[in-house]
Amino acid sequence: MSFTRQSVAALRMLIVLTVLLGIGYPAVVWGVGRVAFHDQAAGSVVRVDGKVVGSSLLGQDFTAADVFHSRPSASSYSGDTSGGSNLAASDPAQVKAIADRQAALVKDGDLPADGLAAPDALTASASGLDPDISPAYAMDQAPRVARASGLSETVVTKLVTEHTSGRVLGFLGEPRVNVLDLNLALAAARI
C-alpha cells in the first residue's frame, strides 16, 4: 500500500469519525437530554410564581436568620468557579476556617458553646456548590430559624423531617436535605 493511499484512507476515517463522534453523538446526547430529561438538561431550575429562585442542584448563600443556611462554600457559591479548598485537615488555614465556622455557629445560636457541630456545618463541600445539608445540620439550625421566623420549633423540625431525602436506592450516599426546597417550604408555612 502506498503512502498516498494510506493518507487518503486516514483522512476519510478522520472525516467519518469527526462527523459521527464530534457532531452526531453530541447531537444525540443533547436531544435525549432535552426530551427525556428536560428539567435536568435545563439546569433543574426552581420557579415560584413564574420567577426563577434557584436550582435544586446548586447551593446558594442563605444568610438571613429566619432561613436555613447552606453548607460552607470554598468558592463563595459562584457557579463559574466551582471547587473545594483542597486543604488538608491539618492545614493551619483549614483548622482556622473550622474554628471560625464553629464560633459563628455558637454566635448565631445554632450550637451550644460546648456542643459538637455536624461535620458539614464546618467543612466546605468538594464542589463548593452543594445544595444539600445533613439532617443533623438542619436540626441544629431549627431553633434559630423558629425564633427568627416566628414559627414554632415543632413546625420547623417537622418541615426538616418532611424534606429529608433518604439514601439513593436505599444504600448509596447519606440522608440529605435540599436547602432551597426547605426554605421554600418554610416560606409557604409562614403564609
# chains A, B, ... in the order shown; residues from 1 in each chain; ligands from 1
call {"tool": "closest_atom_pairs", "arguments": {"of": "range 141-180 of chain A", "to": "range 125-133 of chain A", "cutoff": "10 Å", "atoms": "only C-alpha atoms", "output": "JSON lines"}}
result
{"residue": "A:Thr164", "atom": "CA", "partner": "A:Ile133", "partner_atom": "CA", "distance": 9.5}
{"residue": "A:Ser165", "atom": "CA", "partner": "A:Asp132", "partner_atom": "CA", "distance": 9.7}
{"residue": "A:Glu174", "atom": "CA", "partner": "A:Ile133", "partner_atom": "CA", "distance": 10.0}
{"residue": "A:Pro175", "atom": "CA", "partner": "A:Ile133", "partner_atom": "CA", "distance": 8.8}
{"residue": "A:Arg176", "atom": "CA", "partner": "A:Ile133", "partner_atom": "CA", "distance": 5.6}
{"residue": "A:Val177", "atom": "CA", "partner": "A:Asp132", "partner_atom": "CA", "distance": 5.2}
{"residue": "A:Asn178", "atom": "CA", "partner": "A:Asp132", "partner_atom": "CA", "distance": 4.3}
{"residue": "A:Val179", "atom": "CA", "partner": "A:Asp132", "partner_atom": "CA", "distance": 5.7}
{"residue": "A:Leu180", "atom": "CA", "partner": "A:Pro131", "partner_atom": "CA", "distance": 7.3}
call {"tool": "write_last_selection", "arguments": {"atoms": "N, CA and C atoms", "output": "JSON list (two decimals), in the first residue's frame"}}
result
[["chain", "number", "residue", "atom", "x", "y", "z"],
["A", 164, "THR", "N", -36.41, 15.70, 54.28],
["A", 164, "THR", "CA", -35.22, 14.87, 54.33],
["A", 164, "THR", "C", -35.36, 13.74, 53.32],
["A", 165, "SER", "N", -34.40, 13.66, 52.41],
["A", 165, "SER", "CA", -34.37, 12.58, 51.42],
["A", 165, "SER", "C", -33.46, 11.48, 51.93],
["A", 174, "GLU", "N", -25.75, 9.46, 51.79],
["A", 174, "GLU", "CA", -26.28, 9.73, 53.12],
["A", 174, "GLU", "C", -27.61, 10.45, 53.00],
["A", 175, "PRO", "N", -28.46, 10.39, 54.03],
["A", 175, "PRO", "CA", -29.68, 11.21, 54.02],
["A", 175, "PRO", "C", -29.30, 12.69, 53.90],
["A", 176, "ARG", "N", -30.15, 13.47, 53.25],
["A", 176, "ARG", "CA", -29.82, 14.86, 52.98],
["A", 176, "ARG", "C", -31.08, 15.71, 52.92],
["A", 177, "VAL", "N", -30.87, 17.02, 53.06],
["A", 177, "VAL", "CA", -31.96, 17.99, 53.00],
["A", 177, "VAL", "C", -31.56, 19.05, 51.98],
["A", 178, "ASN", "N", -32.40, 19.26, 50.96],
["A", 178, "ASN", "CA", -32.13, 20.31, 49.98],
["A", 178, "ASN", "C", -32.52, 21.64, 50.62],
["A", 179, "VAL", "N", -31.55, 22.54, 50.76],
["A", 179, "VAL", "CA", -31.76, 23.79, 51.49],
["A", 179, "VAL", "C", -32.76, 24.70, 50.78],
["A", 180, "LEU", "N", -32.69, 24.81, 49.46],
["A", 180, "LEU", "CA", -33.63, 25.66, 48.74],
["A", 180, "LEU", "C", -35.06, 25.15, 48.91]]
call {"tool": "residues_around", "arguments": {"residues": "Ala103 in chain A", "least_positions_apart": "3", "cutoff": "12 Å", "atoms": "only C-alpha atoms", "output": "count of residues only"}}
result
19
call {"tool": "select_by_dssp", "arguments": {"residues": "range 32-176 of chain A", "states": "helix (DSSP H, G or I)", "output": "PyMOL selection string"}}
result
chain A and resi 32-36+38-41+79-81+92-108+119-122+135-149+153-162
call {"tool": "closest_residue", "arguments": {"among": "A:Asp181, A:Ser70, A:Val156, A:Ile191", "to": "Val45 in chain A", "atoms": "only C-alpha atoms"}}
result
A:Asp181
call {"tool": "select_by_dssp", "arguments": {"residues": "range 19-71 of chain A", "states": "strand (DSSP E)", "output": "PyMOL selection string"}}
result
chain A and resi 45-48+51-55
call {"tool": "closest_residue", "arguments": {"among": "A:Ala64, A:Ala124, A:Val28, A:Leu186", "to": "Ser85 in chain A", "atoms": "only C-alpha atoms"}}
result
A:Ala124
call {"tool": "closest_residue", "arguments": {"among": "A:Phe171, A:Phe68, A:Tyr77, A:Trp30", "to": "Ala146 in chain A", "atoms": "only C-alpha atoms"}}
result
A:Phe68
call {"tool": "decode", "arguments": {"residues": "range 84-190 of chain A", "atoms": "C-alpha atoms", "output": "PDB file, in the first residue's frame"}}
result
ATOM      1  CA  GLY A  84     -13.057  22.963  47.025  1.00  0.00           C
ATOM      2  CA  SER A  85     -10.236  24.443  49.039  1.00  0.00           C
ATOM      3  CA  ASN A  86      -8.121  21.266  48.704  1.00  0.00           C
ATOM      4  CA  LEU A  87      -6.695  21.939  52.161  1.00  0.00           C
ATOM      5  CA  ALA A  88      -5.674  19.014  54.327  1.00  0.00           C
ATOM      6  CA  ALA A  89      -7.432  18.611  57.670  1.00  0.00           C
ATOM      7  CA  SER A  90      -4.161  19.523  59.392  1.00  0.00           C
ATOM      8  CA  ASP A  91      -3.507  22.640  57.293  1.00  0.00           C
ATOM      9  CA  PRO A  92      -3.449  25.736  59.560  1.00  0.00           C
ATOM     10  CA  ALA A  93      -5.816  27.600  57.215  1.00  0.00           C
ATOM     11  CA  GLN A  94      -8.305  24.714  57.363  1.00  0.00           C
ATOM     12  CA  VAL A  95      -8.032  24.447  61.156  1.00  0.00           C
ATOM     13  CA  LYS A  96      -8.693  28.198  61.436  1.00  0.00           C
ATOM     14  CA  ALA A  97     -11.642  28.053  58.995  1.00  0.00           C
ATOM     15  CA  ILE A  98     -13.242  25.244  61.008  1.00  0.00           C
ATOM     16  CA  ALA A  99     -12.699  27.097  64.306  1.00  0.00           C
ATOM     17  CA  ASP A 100     -14.170  30.289  62.801  1.00  0.00           C
ATOM     18  CA  ARG A 101     -17.208  28.416  61.487  1.00  0.00           C
ATOM     19  CA  GLN A 102     -17.715  26.736  64.878  1.00  0.00           C
ATOM     20  CA  ALA A 103     -17.572  30.129  66.623  1.00  0.00           C
ATOM     21  CA  ALA A 104     -20.062  31.586  64.130  1.00  0.00           C
ATOM     22  CA  LEU A 105     -22.477  28.699  64.767  1.00  0.00           C
ATOM     23  CA  VAL A 106     -22.281  29.328  68.519  1.00  0.00           C
ATOM     24  CA  LYS A 107     -22.780  33.077  67.986  1.00  0.00           C
ATOM     25  CA  ASP A 108     -25.801  32.507  65.712  1.00  0.00           C
ATOM     26  CA  GLY A 109     -27.352  30.157  68.251  1.00  0.00           C
ATOM     27  CA  ASP A 110     -27.117  27.104  66.014  1.00  0.00           C
ATOM     28  CA  LEU A 111     -24.887  25.335  68.503  1.00  0.00           C
ATOM     29  CA  PRO A 112     -24.300  25.442  72.248  1.00  0.00           C
ATOM     30  CA  ALA A 113     -20.798  26.596  73.224  1.00  0.00           C
ATOM     31  CA  ASP A 114     -19.822  23.072  74.314  1.00  0.00           C
ATOM     32  CA  GLY A 115     -21.706  21.284  71.513  1.00  0.00           C
ATOM     33  CA  LEU A 116     -20.435  19.390  68.518  1.00  0.00           C
ATOM     34  CA  ALA A 117     -21.472  20.598  65.094  1.00  0.00           C
ATOM     35  CA  ALA A 118     -22.422  18.372  62.201  1.00  0.00           C
ATOM     36  CA  PRO A 119     -19.325  17.935  60.001  1.00  0.00           C
ATOM     37  CA  ASP A 120     -20.996  19.576  57.002  1.00  0.00           C
ATOM     38  CA  ALA A 121     -21.586  22.710  59.089  1.00  0.00           C
ATOM     39  CA  LEU A 122     -17.845  23.167  59.465  1.00  0.00           C
ATOM     40  CA  THR A 123     -16.320  21.953  56.207  1.00  0.00           C
ATOM     41  CA  ALA A 124     -16.904  23.105  52.648  1.00  0.00           C
ATOM     42  CA  SER A 125     -18.072  20.642  50.033  1.00  0.00           C
ATOM     43  CA  ALA A 126     -15.752  19.454  47.275  1.00  0.00           C
ATOM     44  CA  SER A 127     -17.602  21.479  44.638  1.00  0.00           C
ATOM     45  CA  GLY A 128     -18.387  24.460  46.841  1.00  0.00           C
ATOM     46  CA  LEU A 129     -21.913  24.354  45.414  1.00  0.00           C
ATOM     47  CA  ASP A 130     -23.543  21.540  47.389  1.00  0.00           C
ATOM     48  CA  PRO A 131     -27.315  22.179  47.548  1.00  0.00           C
ATOM     49  CA  ASP A 132     -27.844  19.736  50.409  1.00  0.00           C
ATOM     50  CA  ILE A 133     -27.034  19.611  54.098  1.00  0.00           C
ATOM     51  CA  SER A 134     -27.278  16.750  56.540  1.00  0.00           C
ATOM     52  CA  PRO A 135     -30.448  16.335  58.603  1.00  0.00           C
ATOM     53  CA  ALA A 136     -28.269  16.871  61.706  1.00  0.00           C
ATOM     54  CA  TYR A 137     -27.106  20.284  60.473  1.00  0.00           C
ATOM     55  CA  ALA A 138     -30.678  21.229  59.592  1.00  0.00           C
ATOM     56  CA  MET A 139     -31.879  20.206  63.065  1.00  0.00           C
ATOM     57  CA  ASP A 140     -29.053  22.243  64.649  1.00  0.00           C
ATOM     58  CA  GLN A 141     -30.430  25.302  62.828  1.00  0.00           C
ATOM     59  CA  ALA A 142     -34.095  24.644  63.632  1.00  0.00           C
ATOM     60  CA  PRO A 143     -34.229  26.567  66.961  1.00  0.00           C
ATOM     61  CA  ARG A 144     -32.703  29.716  65.382  1.00  0.00           C
ATOM     62  CA  VAL A 145     -34.982  29.507  62.364  1.00  0.00           C
ATOM     63  CA  ALA A 146     -38.030  29.020  64.595  1.00  0.00           C
ATOM     64  CA  ARG A 147     -37.157  32.035  66.773  1.00  0.00           C
ATOM     65  CA  ALA A 148     -36.412  34.307  63.815  1.00  0.00           C
ATOM     66  CA  SER A 149     -39.325  33.201  61.633  1.00  0.00           C
ATOM     67  CA  GLY A 150     -41.992  33.277  64.314  1.00  0.00           C
ATOM     68  CA  LEU A 151     -42.912  29.658  63.693  1.00  0.00           C
ATOM     69  CA  SER A 152     -42.901  27.054  66.438  1.00  0.00           C
ATOM     70  CA  GLU A 153     -39.900  24.774  66.696  1.00  0.00           C
ATOM     71  CA  THR A 154     -42.273  21.831  66.233  1.00  0.00           C
ATOM     72  CA  VAL A 155     -43.385  23.164  62.839  1.00  0.00           C
ATOM     73  CA  VAL A 156     -39.808  23.866  61.760  1.00  0.00           C
ATOM     74  CA  THR A 157     -38.492  20.444  62.790  1.00  0.00           C
ATOM     75  CA  LYS A 158     -41.467  18.817  61.069  1.00  0.00           C
ATOM     76  CA  LEU A 159     -40.510  20.653  57.854  1.00  0.00           C
ATOM     77  CA  VAL A 160     -36.942  19.356  58.171  1.00  0.00           C
ATOM     78  CA  THR A 161     -38.215  15.806  58.611  1.00  0.00           C
ATOM     79  CA  GLU A 162     -40.605  16.131  55.653  1.00  0.00           C
ATOM     80  CA  HIS A 163     -37.835  17.456  53.403  1.00  0.00           C
ATOM     81  CA  THR A 164     -35.215  14.867  54.326  1.00  0.00           C
ATOM     82  CA  SER A 165     -34.373  12.577  51.419  1.00  0.00           C
ATOM     83  CA  GLY A 166     -33.066   9.116  52.165  1.00  0.00           C
ATOM     84  CA  ARG A 167     -30.173   7.265  50.635  1.00  0.00           C
ATOM     85  CA  VAL A 168     -30.276   6.827  46.864  1.00  0.00           C
ATOM     86  CA  LEU A 169     -31.609   3.340  46.076  1.00  0.00           C
ATOM     87  CA  GLY A 170     -31.736   2.765  49.820  1.00  0.00           C
ATOM     88  CA  PHE A 171     -27.978   2.288  50.257  1.00  0.00           C
ATOM     89  CA  LEU A 172     -25.997   4.936  48.341  1.00  0.00           C
ATOM     90  CA  GLY A 173     -24.875   8.172  49.988  1.00  0.00           C
ATOM     91  CA  GLU A 174     -26.281   9.726  53.119  1.00  0.00           C
ATOM     92  CA  PRO A 175     -29.683  11.206  54.019  1.00  0.00           C
ATOM     93  CA  ARG A 176     -29.825  14.858  52.976  1.00  0.00           C
ATOM     94  CA  VAL A 177     -31.963  17.986  52.996  1.00  0.00           C
ATOM     95  CA  ASN A 178     -32.127  20.306  49.982  1.00  0.00           C
ATOM     96  CA  VAL A 179     -31.764  23.786  51.494  1.00  0.00           C
ATOM     97  CA  LEU A 180     -33.630  25.658  48.737  1.00  0.00           C
ATOM     98  CA  ASP A 181     -36.606  23.287  48.915  1.00  0.00           C
ATOM     99  CA  LEU A 182     -36.649  23.510  52.715  1.00  0.00           C
ATOM    100  CA  ASN A 183     -36.524  27.311  52.675  1.00  0.00           C
ATOM    101  CA  LEU A 184     -39.350  27.447  50.125  1.00  0.00           C
ATOM    102  CA  ALA A 185     -41.444  25.195  52.370  1.00  0.00           C
ATOM    103  CA  LEU A 186     -40.559  27.424  55.302  1.00  0.00           C
ATOM    104  CA  ALA A 187     -41.756  30.479  53.396  1.00  0.00           C
ATOM    105  CA  ALA A 188     -45.006  28.713  52.493  1.00  0.00           C
ATOM    106  CA  ALA A 189     -45.572  27.755  56.153  1.00  0.00           C
ATOM    107  CA  ARG A 190     -45.413  31.426  57.166  1.00  0.00           C
TER     108      ARG A 190
END
